[in-house]
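Containing mmCIF, C-alpha atoms: query.cif.
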data_work
loop_
_atom_site.label_atom_id
_atom_site.label_comp_id
_atom_site.auth_asym_id
_atom_site.auth_seq_id
_atom_site.Cartn_x
_atom_site.Cartn_y
_atom_site.Cartn_z
CA MET A 80 -72.05 -66.08 -4.17
CA PRO A 81 -73.99 -69.16 -5.34
CA LEU A 82 -73.93 -72.34 -3.33
CA LYS A 83 -71.73 -74.80 -5.21
CA ALA A 84 -70.83 -77.58 -2.81
CA VAL A 85 -71.92 -79.49 0.29
CA THR A 86 -69.56 -81.38 2.58
CA LEU A 87 -70.87 -83.90 5.09
CA ASP A 88 -69.37 -85.38 8.20
CA VAL A 89 -69.38 -89.18 8.01
CA TYR A 90 -69.24 -90.91 11.39
CA SER A 91 -71.99 -88.87 13.02
CA ALA A 92 -74.01 -87.23 10.24
CA LEU A 93 -74.17 -90.03 7.64
CA VAL A 94 -73.91 -93.26 9.63
CA ASP A 95 -75.01 -94.67 12.97
CA THR A 96 -71.59 -95.24 14.49
CA VAL A 97 -72.73 -96.33 17.94
CA GLY A 98 -75.29 -98.75 16.51
CA GLY A 99 -72.72 -100.34 14.22
CA LEU A 100 -70.06 -100.57 16.91
CA ALA A 101 -72.54 -102.12 19.32
CA SER A 102 -72.95 -105.03 16.90
CA ALA A 103 -69.19 -105.55 16.73
CA VAL A 104 -68.75 -105.33 20.50
CA GLY A 105 -71.66 -107.72 21.03
CA ALA A 106 -70.08 -110.27 18.69
CA LEU A 107 -66.80 -110.02 20.59
CA LEU A 108 -68.47 -110.50 23.98
CA ARG A 109 -70.44 -113.50 22.75
CA ALA A 110 -67.29 -115.10 21.34
CA ARG A 111 -65.59 -114.54 24.66
CA GLY A 112 -68.54 -115.62 26.77
CA ALA A 113 -68.05 -112.31 28.56
CA ALA A 114 -70.59 -110.09 30.28
CA GLY A 115 -71.28 -106.52 29.22
CA GLU A 116 -73.85 -104.27 27.59
CA PRO A 117 -72.73 -103.82 23.97
CA ARG A 118 -74.47 -100.50 23.31
CA ALA A 119 -73.16 -98.90 26.50
CA LEU A 120 -69.64 -100.06 25.66
CA ALA A 121 -69.99 -98.84 22.06
CA HIS A 122 -71.17 -95.44 23.30
CA LEU A 123 -68.18 -95.22 25.64
CA TRP A 124 -65.87 -96.30 22.82
CA ARG A 125 -67.19 -93.48 20.66
CA GLN A 126 -66.78 -90.97 23.50
CA ARG A 127 -63.20 -92.03 24.19
CA HIS A 128 -62.47 -91.98 20.45
CA ALA A 129 -63.62 -88.36 20.26
CA GLU A 130 -61.46 -87.55 23.28
CA ALA A 131 -58.45 -89.23 21.68
CA LEU A 132 -58.90 -87.12 18.52
CA LEU A 133 -58.76 -83.92 20.55
CA VAL A 134 -55.78 -85.07 22.65
CA LEU A 135 -53.77 -86.24 19.64
CA THR A 136 -54.45 -82.95 17.86
CA ALA A 137 -53.43 -80.89 20.88
CA LEU A 138 -50.22 -82.87 21.46
CA ASP A 139 -49.28 -82.56 17.76
CA ARG A 140 -46.71 -85.36 18.01
CA GLU A 141 -47.63 -87.16 14.77
CA PRO A 142 -49.74 -86.69 11.64
CA ALA A 143 -53.41 -87.50 12.10
CA ARG A 144 -54.36 -91.15 11.69
CA ASN A 145 -57.81 -92.17 12.82
CA ARG A 146 -56.91 -95.82 13.31
CA VAL A 147 -54.60 -94.80 16.15
CA ALA A 148 -57.47 -93.04 17.95
CA ILE A 149 -59.86 -95.95 17.31
CA GLU A 150 -57.42 -98.49 18.74
CA LEU A 151 -56.52 -96.37 21.76
CA ALA A 152 -60.18 -95.96 22.64
CA ALA A 153 -61.05 -99.63 22.07
CA ARG A 154 -58.21 -100.89 24.25
CA PHE A 155 -59.19 -98.42 26.98
CA VAL A 156 -62.87 -99.34 26.99
CA LEU A 157 -62.18 -103.09 26.94
CA ARG A 158 -59.15 -102.97 29.24
CA GLU A 159 -60.75 -105.26 31.85
CA LEU A 160 -61.08 -108.22 29.47
CA ARG A 161 -59.08 -111.25 30.53
CA PRO A 162 -57.07 -112.23 28.64
CA PRO A 163 -56.52 -108.76 27.17
CA LEU A 164 -57.85 -107.83 23.76
CA SER A 165 -55.79 -109.61 21.11
CA ASP A 166 -54.46 -108.03 17.93
CA GLU A 167 -56.85 -110.19 15.89
CA GLU A 168 -59.83 -109.08 17.95
CA LEU A 169 -58.76 -105.46 17.65
CA ASP A 170 -58.52 -105.81 13.86
CA LEU A 171 -62.13 -107.05 13.76
CA LEU A 172 -63.28 -104.12 15.88
CA VAL A 173 -61.47 -101.63 13.62
CA GLU A 174 -62.95 -103.30 10.53
CA ALA A 175 -66.43 -102.61 11.92
CA TRP A 176 -65.83 -98.91 11.15
CA GLU A 177 -65.98 -99.81 7.45
CA HIS A 178 -69.44 -101.39 7.79
CA LEU A 179 -71.36 -98.84 9.86
CA PRO A 180 -75.05 -98.60 8.89
CA PRO A 181 -76.34 -95.37 7.33
CA TRP A 182 -79.12 -93.48 9.04
CA PRO A 183 -82.54 -94.27 7.51
CA GLU A 184 -82.72 -90.90 5.73
CA THR A 185 -79.14 -90.85 4.42
CA GLU A 186 -79.80 -92.29 0.96
CA GLY A 187 -82.75 -90.02 0.20
CA VAL A 188 -80.91 -86.89 1.30
CA LEU A 189 -77.82 -87.73 -0.75
CA ARG A 190 -79.94 -88.41 -3.83
CA ALA A 191 -81.75 -85.08 -3.35
CA LEU A 192 -78.44 -83.22 -3.09
CA ARG A 193 -77.15 -84.93 -6.21
CA GLU A 194 -80.31 -83.91 -8.08
CA ARG A 195 -79.56 -80.27 -7.26
CA GLY A 196 -76.28 -80.42 -9.15
CA LEU A 197 -74.05 -79.65 -6.17
CA LEU A 198 -70.55 -80.94 -5.61
CA LEU A 199 -70.62 -83.54 -2.83
CA GLY A 200 -67.71 -84.12 -0.48
CA SER A 201 -67.27 -86.12 2.68
CA LEU A 202 -65.24 -84.30 5.33
CA SER A 203 -64.18 -86.65 8.06
CA ASN A 204 -61.61 -87.50 10.70
CA GLY A 205 -61.45 -90.97 9.16
CA ASP A 206 -58.47 -92.38 7.32
CA GLU A 207 -58.96 -92.20 3.56
CA MET A 208 -59.08 -95.90 2.62
CA MET A 209 -61.35 -96.73 5.56
CA LEU A 210 -63.67 -93.92 4.47
CA ARG A 211 -63.67 -95.03 0.85
CA ARG A 212 -64.61 -98.59 1.83
CA LEU A 213 -67.44 -97.32 4.03
CA LEU A 214 -68.77 -94.77 1.53
CA ALA A 215 -68.64 -97.31 -1.30
CA ARG A 216 -71.52 -99.07 0.46
CA LEU A 217 -73.76 -96.05 -0.13
CA PRO A 218 -75.75 -95.82 -3.39
CA VAL A 219 -74.70 -92.23 -4.10
CA ALA A 220 -71.07 -91.49 -4.97
CA PHE A 221 -69.14 -88.54 -3.57
CA ASP A 222 -67.11 -86.27 -5.81
CA HIS A 223 -64.41 -85.92 -3.15
CA VAL A 224 -63.46 -87.94 -0.08
CA ILE A 225 -61.67 -85.45 2.15
CA SER A 226 -59.80 -86.99 5.07
CA THR A 227 -57.78 -85.51 7.91
CA GLU A 228 -55.20 -88.28 7.48
CA GLY A 229 -51.67 -86.91 7.46
CA GLY A 230 -52.73 -83.52 8.83
CA ARG A 231 -54.65 -82.64 11.98
CA PHE A 232 -58.07 -83.72 13.15
CA LYS A 233 -61.22 -81.60 13.13
CA PRO A 234 -61.96 -79.05 14.48
CA HIS A 235 -58.50 -77.74 13.56
CA PRO A 236 -58.91 -74.96 10.95
CA SER A 237 -56.48 -76.62 8.55
CA ILE A 238 -58.96 -79.39 7.66
CA TYR A 239 -61.64 -76.90 6.62
CA ALA A 240 -59.06 -75.08 4.50
CA ARG A 241 -58.20 -78.45 2.96
CA ALA A 242 -61.84 -78.95 2.01
CA LEU A 243 -62.05 -75.57 0.29
CA GLN A 244 -58.87 -76.30 -1.63
CA ARG A 245 -59.98 -79.76 -2.74
CA LEU A 246 -63.41 -78.55 -3.84
CA GLN A 247 -62.00 -75.40 -5.45
CA VAL A 248 -64.62 -73.19 -3.81
CA VAL A 249 -64.53 -70.24 -1.44
CA ARG A 250 -66.19 -70.31 1.99
CA GLU A 251 -69.33 -68.54 0.77
CA GLU A 252 -69.94 -71.27 -1.81
CA LEU A 253 -69.91 -74.16 0.68
CA LEU A 254 -72.39 -75.62 3.16
CA HIS A 255 -70.91 -78.02 5.71
CA VAL A 256 -73.12 -80.60 7.40
CA ALA A 257 -71.56 -81.32 10.78
CA GLY A 258 -72.28 -84.36 12.88
CA SER A 259 -70.80 -83.29 16.21
CA PRO A 260 -70.70 -80.08 18.25
CA THR A 261 -66.93 -79.75 17.84
CA ASP A 262 -67.24 -80.10 14.06
CA ALA A 263 -70.08 -77.56 14.02
CA MET A 264 -67.99 -75.05 15.97
CA GLY A 265 -64.87 -75.73 13.91
CA ALA A 266 -66.55 -75.18 10.56
CA THR A 267 -68.39 -72.09 11.82
CA ALA A 268 -65.16 -70.63 13.22
CA ALA A 269 -63.60 -71.21 9.79
CA GLY A 270 -66.28 -68.97 8.26
CA ILE A 271 -68.22 -71.76 6.55
CA THR A 272 -72.02 -71.83 6.66
CA THR A 273 -72.80 -74.88 8.78
CA LEU A 274 -75.77 -77.09 9.55
CA TRP A 275 -75.38 -79.32 12.60
CA VAL A 276 -77.27 -82.60 12.61
CA ASN A 277 -77.97 -82.42 16.33
CA ARG A 278 -79.64 -85.71 17.18
CA THR A 279 -79.36 -85.19 20.96
CA GLY A 280 -80.61 -81.61 21.18
CA GLU A 281 -77.56 -80.43 23.12
CA PRO A 282 -76.14 -76.91 22.71
CA VAL A 283 -72.61 -76.18 21.55
CA LEU A 284 -70.06 -75.43 24.25
CA ASP A 285 -69.17 -71.97 22.92
CA PRO A 286 -72.15 -70.01 21.60
CA ARG A 287 -69.82 -67.69 19.69
CA PHE A 288 -69.37 -70.56 17.23
CA ALA A 289 -72.92 -71.87 17.14
CA PRO A 290 -73.78 -73.04 13.60
CA ALA A 291 -76.17 -71.12 11.39
CA TYR A 292 -78.58 -74.08 11.21
CA GLU A 293 -79.53 -77.14 13.24
CA SER A 294 -81.68 -80.17 12.46
CA PRO A 295 -82.52 -83.31 14.45
CA ASP A 296 -81.64 -85.46 11.42
CA LEU A 297 -80.29 -85.21 7.89
CA ARG A 298 -83.66 -84.35 6.37
CA GLY A 299 -83.18 -80.78 7.53
CA VAL A 300 -80.36 -80.35 5.02
CA ILE A 301 -82.62 -80.14 1.95
CA PRO A 302 -84.76 -77.12 2.94
CA VAL A 303 -81.60 -75.28 4.01
CA VAL A 304 -79.93 -76.04 0.69
CA ASP A 305 -83.01 -74.93 -1.23
CA SER A 306 -83.16 -71.71 0.79
CA LEU A 307 -79.49 -70.99 0.12
CA LEU A 308 -79.90 -71.70 -3.59
CA ARG A 309 -82.82 -69.26 -3.79
CA SER A 310 -81.22 -66.53 -1.73
CA ARG A 311 -77.93 -66.53 -3.60
#

What would the structure in this file look like if it were written as structure tokens?
Amino acid sequence: MPLKAVTLDVYSALVDTVGGLASAVGALLRARGAAGEPRALAHLWRQRHAEALLVLTALDREPARNRVAIELAARFVLRELRPPLSDEELDLLVEAWEHLPPWPETEGVLRALRERGLLLGSLSNGDEMMLRRLLARLPVAFDHVISTEGGRFKPHPSIYARALQRLQVVREELLHVAGSPTDAMGATAAGITTLWVNRTGEPVLDPRFAPAYESPDLRGVIPVVDSLLRSR
């Protein structure tokens, strides 16, 4: 079947989450006159956020809401601040997720995909309005903003089924661009052709669900798309 659509992860594939969060954490520490290495704290915040997503999905106590995971992770990472993190400070940290900087190649890759006449969708664990505010800062519009909000977080199979339904395509007509190893395994397990933007060069945990393609940055998406368009 012909390739009709491409979905892209947001917080790892399209934007530099750790870099953006480091700026927000640095501003907080300066305002507090507190010690700490902003990038290291931002990296830990991102790690604990990813852990919170998996825990909240496994517990299945409430519908997915990314802000809950963001706040849990932020409070954990900054738990030694005295006085403790205030609600106002937490709001500023959460707001930083709507201003994360795109990777240098993001704009060019999105423009190239748009030129190829493909449907473009974001497929993210983010809450919908937070995603829309972030993606509105990019110069290329998405046809669909697909969020896990109200369901379960990636890599649960239901979110990949949601993407297929929203885009009105079957699995063989979609390429998913994953930004994390769990996303890469989840999409692959769902039967979707997947390219993992693997900026660290690490392998996936379970090789049975290794993605069909890998690239060290987003630029690898275009030759894969062109190959799929020719072969189908």

Using the chain letters and numbers from the file, give me the residues hit by the PyMOL selection byres ((chain A and resi 197) around 9), as a list in words.
Leu82, Lys83, Ala84, Val85, Leu192, Arg193, Glu194, Arg195, Gly196, Leu198 and Leu199 of chain A

Take the selection from the previous step and output its residues with C-alpha atoms, as a PDB file, keeping the file's coordinate frame.
ATOM      1  CA  LEU A  82     -73.930 -72.340  -3.330  1.00  0.00           C
ATOM      2  CA  LYS A  83     -71.730 -74.800  -5.210  1.00  0.00           C
ATOM      3  CA  ALA A  84     -70.830 -77.580  -2.810  1.00  0.00           C
ATOM      4  CA  VAL A  85     -71.920 -79.490   0.290  1.00  0.00           C
ATOM      5  CA  LEU A 192     -78.440 -83.220  -3.090  1.00  0.00           C
ATOM      6  CA  ARG A 193     -77.150 -84.930  -6.210  1.00  0.00           C
ATOM      7  CA  GLU A 194     -80.310 -83.910  -8.080  1.00  0.00           C
ATOM      8  CA  ARG A 195     -79.560 -80.270  -7.260  1.00  0.00           C
ATOM      9  CA  GLY A 196     -76.280 -80.420  -9.150  1.00  0.00           C
ATOM     10  CA  LEU A 198     -70.550 -80.940  -5.610  1.00  0.00           C
ATOM     11  CA  LEU A 199     -70.620 -83.540  -2.830  1.00  0.00           C
TER      12      LEU A 199
END

Report the distance between atom CA of A:Pro163 and atom CA of A:Ala121 in Å, rounded to one decimal place.
17.5 Å

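Among the candidates A:Leu108, A:Leu253, A:Ala103, A:Ala153, the residue lying nearest to A:Ala175 is A:Ala103 (atoms considered: only C-alpha atoms).
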
All file atoms of stretch 235-245 of chain A boxed axis-aligned, 5 Å per side, centre plus edges, as AutoDock Vina command-line options:
--center_x -59.3 --center_y -77.4 --center_z 5.4 --size_x 15.6 --size_y 14.8 --size_z 26.3

Mind checking which residues fall within 12 Å of stretch 285-292 of chain A, counting all atoms listed in the file, ignoring those fewer than 5 positions away in the same chain, and posting them as number ranges by chain?
A: 234, 254-277, 297, 299-304, 306-307

Any chance you could export the current selection's C-alpha atoms as an mmCIF file, in the frame of the given file?
data_model
loop_
_atom_site.group_PDB
_atom_site.id
_atom_site.type_symbol
_atom_site.label_atom_id
_atom_site.label_comp_id
_atom_site.auth_asym_id
_atom_site.auth_seq_id
_atom_site.Cartn_x
_atom_site.Cartn_y
_atom_site.Cartn_z
ATOM 1 C CA PRO A 234 -61.960 -79.050 14.480
ATOM 2 C CA LEU A 254 -72.390 -75.620 3.160
ATOM 3 C CA HIS A 255 -70.910 -78.020 5.710
ATOM 4 C CA VAL A 256 -73.120 -80.600 7.400
ATOM 5 C CA ALA A 257 -71.560 -81.320 10.780
ATOM 6 C CA GLY A 258 -72.280 -84.360 12.880
ATOM 7 C CA SER A 259 -70.800 -83.290 16.210
ATOM 8 C CA PRO A 260 -70.700 -80.080 18.250
ATOM 9 C CA THR A 261 -66.930 -79.750 17.840
ATOM 10 C CA ASP A 262 -67.240 -80.100 14.060
ATOM 11 C CA ALA A 263 -70.080 -77.560 14.020
ATOM 12 C CA MET A 264 -67.990 -75.050 15.970
ATOM 13 C CA GLY A 265 -64.870 -75.730 13.910
ATOM 14 C CA ALA A 266 -66.550 -75.180 10.560
ATOM 15 C CA THR A 267 -68.390 -72.090 11.820
ATOM 16 C CA ALA A 268 -65.160 -70.630 13.220
ATOM 17 C CA ALA A 269 -63.600 -71.210 9.790
ATOM 18 C CA GLY A 270 -66.280 -68.970 8.260
ATOM 19 C CA ILE A 271 -68.220 -71.760 6.550
ATOM 20 C CA THR A 272 -72.020 -71.830 6.660
ATOM 21 C CA THR A 273 -72.800 -74.880 8.780
ATOM 22 C CA LEU A 274 -75.770 -77.090 9.550
ATOM 23 C CA TRP A 275 -75.380 -79.320 12.600
ATOM 24 C CA VAL A 276 -77.270 -82.600 12.610
ATOM 25 C CA ASN A 277 -77.970 -82.420 16.330
ATOM 26 C CA LEU A 297 -80.290 -85.210 7.890
ATOM 27 C CA GLY A 299 -83.180 -80.780 7.530
ATOM 28 C CA VAL A 300 -80.360 -80.350 5.020
ATOM 29 C CA ILE A 301 -82.620 -80.140 1.950
ATOM 30 C CA PRO A 302 -84.760 -77.120 2.940
ATOM 31 C CA VAL A 303 -81.600 -75.280 4.010
ATOM 32 C CA VAL A 304 -79.930 -76.040 0.690
ATOM 33 C CA SER A 306 -83.160 -71.710 0.790
ATOM 34 C CA LEU A 307 -79.490 -70.990 0.120
#

Can you list what the PyMOL selection byres ((chain A and resi 155) around 12) grabs from this structure, as a PyMOL selection string?
chain A and resi 120-121+123-128+130-131+148-154+156-160+163-164+169

Run the PyMOL selection byres ((chain A and resi 201) around 10) mentally over the shown coordinates, then write out the matched residues as a list in words, using the chain letters and numbers from the document.
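Evaluating the PyMOL selection byres ((chain A and resi 201) around 10) on this file yields Val85, Thr86, Leu87, Asp88, Val89, Leu93, Leu199, Gly200, Leu202, Ser203, Asn204, Gly205, Leu210, Arg211, Leu214, Phe221, Asp222, His223, Val224, Ile225, Ser226, Ala242, His255 and Val256 of chain A.
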
Just how far from atom CA of A:Arg231 is atom CA of A:Leu138, in Å to one decimal?
10.5 Å

Find, counting only C-alpha atoms, the residue in A:Glu174, A:Arg146, A:Val134, A:Met208 that gets nearest to A:Ser102.
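For A:Ser102, the nearest of the candidates is A:Glu174.
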
Which residues are close to A:Pro181, i.e. within 10 Å by only C-alpha atoms, leaving aside same-chain residues fewer than 5 positions away? Reply as a list in words.
Val89, Tyr90, Ser91, Ala92, Leu93, Val94, Asp95, Thr96, Gly98, Gly99, Glu186, Leu213, Leu214, Arg216 and Leu217 of chain A

Taking all atoms listed in the file into account, which of A:Thr185, A:Thr136, A:His178, A:Pro282 comes nearest A:Pro236?
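Nearest to A:Pro236: A:Thr136.
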
So, counting only C-alpha atoms, which residue among A:Leu100, A:Pro162, A:Ala191, A:Ala143 is closest to A:Ala113?
A:Pro162

Min atom-atom distance to A:Glu252 from the set A:Pro81, A:Gly230, A:Pro180, A:Gly280, counting only C-alpha atoms, belongs to A:Pro81

Quick one: pull the distance between atom CA of A:Ala101 and atom CA of A:Leu172, Å, one decimal.
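Separation between atom CA of A:Ala101 and atom CA of A:Leu172: 10.1 Å.
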
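Remark: for A:Pro218, the closest of the candidate residues A:Arg298, A:Arg140, A:Arg190, A:Arg250 is A:Arg190 (distances computed over only C-alpha atoms).
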